[in-house]
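Have a look at the structure below, then the notes.
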Amino acid sequence: MATLLSPPPTPNRVPLPSTGRAGRNLPAAVGVAAALIALIIASLVVNKVAFLALVVLAVCGALWELAGAFARKDIRLPLAPLWLGTLGVVVSAWTLGAETALGAYMATAGACVLWCFMDQAEAESGSPLEDPDHDVPRTDAHDAVRRSRSVDAAASIFAATYLPFLAGFAVLLVAQDQGVGKVLMLFALPIANDTGGWLAGITFGRHPMAPSVSPKKSWEGFVGSMVAAVAAGAGCVWALDGPVWAGAVLGAMTVVVSTLGDLGESLLKRDLGLKDMGTLLPGHGGLMDRLDSILVAAPVVYVFSLLVG
């Protein structure tokens with residue numbers, strides 16, 4: 001139980017051997033991607049509730065990965081309220097809508113902050129640093145104890161925002177008219193972004209976009225992402241009986257936010273000293289490594305669905 005709620009620090013593991021210029025094990029990457037796409041489509045076709053369950057499992061697994069990554073810096077995420085909050089956000093978004101989902105997220109963030117401060121205060125109760133009438137002169141140790149609580153609380157708010165809150169937009173999408181098609185579009189756009197960028201990058205990549213953050217990301221790859229995502233956005237919106245030009249704009253916006261999200265996670269991993277957040281998905285890394293671009297695209301697609309219909 002202790003390991004479940006307090007995962008050990010994530011080690012850096014040797015990835016699968018890469019094949020050719022792909023920079024990854026292509027057969028494993030393609031096989032895992034195909035299996036994940038089939039699982040998502042099956043959950044949407046069989047019953048939308050199955051998709052909700054899939055979202056909860058994916059987010060909870062990603063939170064566990066993130067807790068292990070943060071443990072490398074002695075930062076403890078309160079997984080119990082985060083997992084419960086994930087369920088609350090998903091159920092609220094599905095049954096009552098955006099306002100209630102926002103309330104569930106705020107309640108989750110507040111519960112995480114209280115958990116961090118109360119949990120550590122209880123663990124340190126009885127020590128000279130916690131005794132209000134102690135005679136120990138105030139030193140840096142007093143501030144370190146309280147600072148660690150603040151860091152854990154801030155990290156928990158980040159985790160609640162990055163995962164349950166953003167994932168809630170995918171649930172809001174599936175609850176709309178043509179929800180299945182809109183969710184498929186949500187996944188199609190980041191996939192087109194990643195695939196187009198990867199193909200253009202390994203073929204034409206010469207000019208690094210942010211070499212100190214993500215050495216393999218190039219401007220040529222960004223152009224490839226833009227072409228692929230614009231085409232995917234136009235096609236998806238056309239299939240949903242919407243204006244093609246709006247789909248092209250949505251595709252371009254997705255590339256921008258997905259690129260920023262990818263660079264943001266790369267900065268986080270670099271700070272934590274990790275290459276991948278996990279190894280659950282061979283050829284891809286962990287759940288966090290696959291969810292990053294989808295999560296940041298979810299609110300963009302949701303707002304687009306409200307504006308365009």
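Residue numbers start at 1 in each chain; chains themselves are named A, B, ... in the order of the structure tokens; ligands are numbered from 1 in the order shown.
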Pull the closest atom pair for each residue of region 43-111 of chain A that gets at most 7 Å from region 277-299 of chain A, along with the distance in Å to one decimal, counting only C-alpha atoms, ordering rows by chain and then ascending residue number, as a Markdown table.
| residue | atom | partner | partner_atom | distance |
| --- | --- | --- | --- | --- |
| A:Ala62 | CA | A:Met288 | CA | 5.3 |
| A:Glu65 | CA | A:Met277 | CA | 6.3 |
| A:Ala69 | CA | A:Met277 | CA | 6.6 |
Please report, as JSON lines, each residue of region 222-279 of chain A lying at most 12 Å from region 155-165 of chain A, together with the nearest pair of atoms and the separation in Å rounded to one decimal; use only C-alpha atoms, and order rows by chain and ascending residue number.
{"residue": "A:Gly261", "atom": "CA", "partner": "A:Tyr162", "partner_atom": "CA", "distance": 10.2}
{"residue": "A:Gly264", "atom": "CA", "partner": "A:Tyr162", "partner_atom": "CA", "distance": 11.2}
{"residue": "A:Glu265", "atom": "CA", "partner": "A:Tyr162", "partner_atom": "CA", "distance": 10.5}
{"residue": "A:Leu268", "atom": "CA", "partner": "A:Phe158", "partner_atom": "CA", "distance": 11.7}
Check your understanding: In terms of the shortest atom-to-atom distance over only C-alpha atoms, which of A:Ala71, A:Val55, A:Met106, A:Leu79 is closest to Val91 (chain A)?
Key -> A:Val55
Check your understanding: By how many Å are CA of Leu63 (chain A) and CA of Leu267 (chain A) apart?
Key ->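 Taking CA of Leu63 (chain A) and CA of Leu267 (chain A), their separation equals 17.7 Å.
Minimum atom-to-atom distances from A:Ala153, A:Val213, A:Ala38, A:Val183 to Leu260 (chain A) were compared using only C-alpha atoms, and the lowest value belongs to A:Val213.
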DSSP on the backbone, strand (DSSP E or B) only: what residues of region 141-261 of chain A does that give? Format it as a CSV table (one decimal) with N, CA, C and O atoms, in the first residue's frame.
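Writing the result to result_34.csv gives the following:
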chain,number,residue,atom,x,y,z
A,208,PRO,N,17.6,23.1,-35.3
A,208,PRO,CA,17.0,22.8,-34.0
A,208,PRO,C,16.1,24.0,-33.5
A,208,PRO,O,16.5,25.2,-33.7
A,209,MET,N,15.0,23.6,-32.9
A,209,MET,CA,14.1,24.7,-32.4
A,209,MET,C,14.5,25.1,-31.1
A,209,MET,O,14.5,26.3,-30.8
A,210,ALA,N,14.8,24.2,-30.2
A,210,ALA,CA,15.2,24.6,-28.8
A,210,ALA,C,16.2,23.5,-28.4
A,210,ALA,O,15.9,22.6,-27.6
A,214,SER,N,15.0,20.4,-26.1
A,214,SER,CA,14.6,19.2,-26.8
A,214,SER,C,15.5,19.2,-28.1
A,214,SER,O,15.1,19.7,-29.1
A,215,PRO,N,16.7,18.6,-28.1
A,215,PRO,CA,17.6,18.6,-29.2
A,215,PRO,C,17.0,18.1,-30.5
A,215,PRO,O,17.5,18.5,-31.6
A,216,LYS,N,16.1,17.1,-30.4
A,216,LYS,CA,15.6,16.5,-31.6
A,216,LYS,C,14.5,17.3,-32.3
A,216,LYS,O,14.1,17.0,-33.4
A,217,LYS,N,13.9,18.3,-31.6
A,217,LYS,CA,12.8,19.1,-32.2
A,217,LYS,C,13.4,20.1,-33.1
A,217,LYS,O,14.2,20.9,-32.7
A,218,SER,N,13.0,20.1,-34.4
A,218,SER,CA,13.5,21.1,-35.4
A,218,SER,C,12.4,21.9,-36.0
A,218,SER,O,11.2,21.6,-35.9
Check your understanding: Among region 154-286 of chain A, which residues carry a DSSP assignment of alpha helix (DSSP H), reported as a count of residues only?
Key -> 92
Find the nearest atom pair between each residue of region 207-285 of chain A and region 195-202 of chain A for residues within 9 Å, count only C-alpha atoms, give distances in Å to one decimal, sort rows by chain and ascending number, and present the table as JSON lines.
{"residue": "A:Lys216", "atom": "CA", "partner": "A:Gly201", "partner_atom": "CA", "distance": 7.8}
{"residue": "A:Lys217", "atom": "CA", "partner": "A:Gly201", "partner_atom": "CA", "distance": 7.2}
{"residue": "A:Ser218", "atom": "CA", "partner": "A:Gly201", "partner_atom": "CA", "distance": 6.2}
{"residue": "A:Trp219", "atom": "CA", "partner": "A:Gly201", "partner_atom": "CA", "distance": 8.0}
{"residue": "A:Glu220", "atom": "CA", "partner": "A:Gly201", "partner_atom": "CA", "distance": 5.8}
{"residue": "A:Gly221", "atom": "CA", "partner": "A:Gly197", "partner_atom": "CA", "distance": 4.1}
{"residue": "A:Phe222", "atom": "CA", "partner": "A:Gly197", "partner_atom": "CA", "distance": 5.6}
{"residue": "A:Val223", "atom": "CA", "partner": "A:Gly197", "partner_atom": "CA", "distance": 7.1}
{"residue": "A:Gly224", "atom": "CA", "partner": "A:Gly197", "partner_atom": "CA", "distance": 4.8}
{"residue": "A:Ser225", "atom": "CA", "partner": "A:Gly197", "partner_atom": "CA", "distance": 4.2}
{"residue": "A:Met226", "atom": "CA", "partner": "A:Gly196", "partner_atom": "CA", "distance": 7.7}
{"residue": "A:Val227", "atom": "CA", "partner": "A:Gly196", "partner_atom": "CA", "distance": 7.3}
{"residue": "A:Ala228", "atom": "CA", "partner": "A:Gly196", "partner_atom": "CA", "distance": 5.3}
{"residue": "A:Ala229", "atom": "CA", "partner": "A:Gly196", "partner_atom": "CA", "distance": 7.6}
Practice item. Tell me, as a ChimeraX atom specification, which residues lie within 10 Å of Asp119 (chain A), counting only C-alpha atoms; anything in the same chain fewer than 5 positions away does not count. Key: /A:78,113-114,124,149
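Closest to Gly179 (chain A) among A:Ala93, A:Leu87, A:Leu240, A:Leu250 is A:Leu240, based on only C-alpha atoms.
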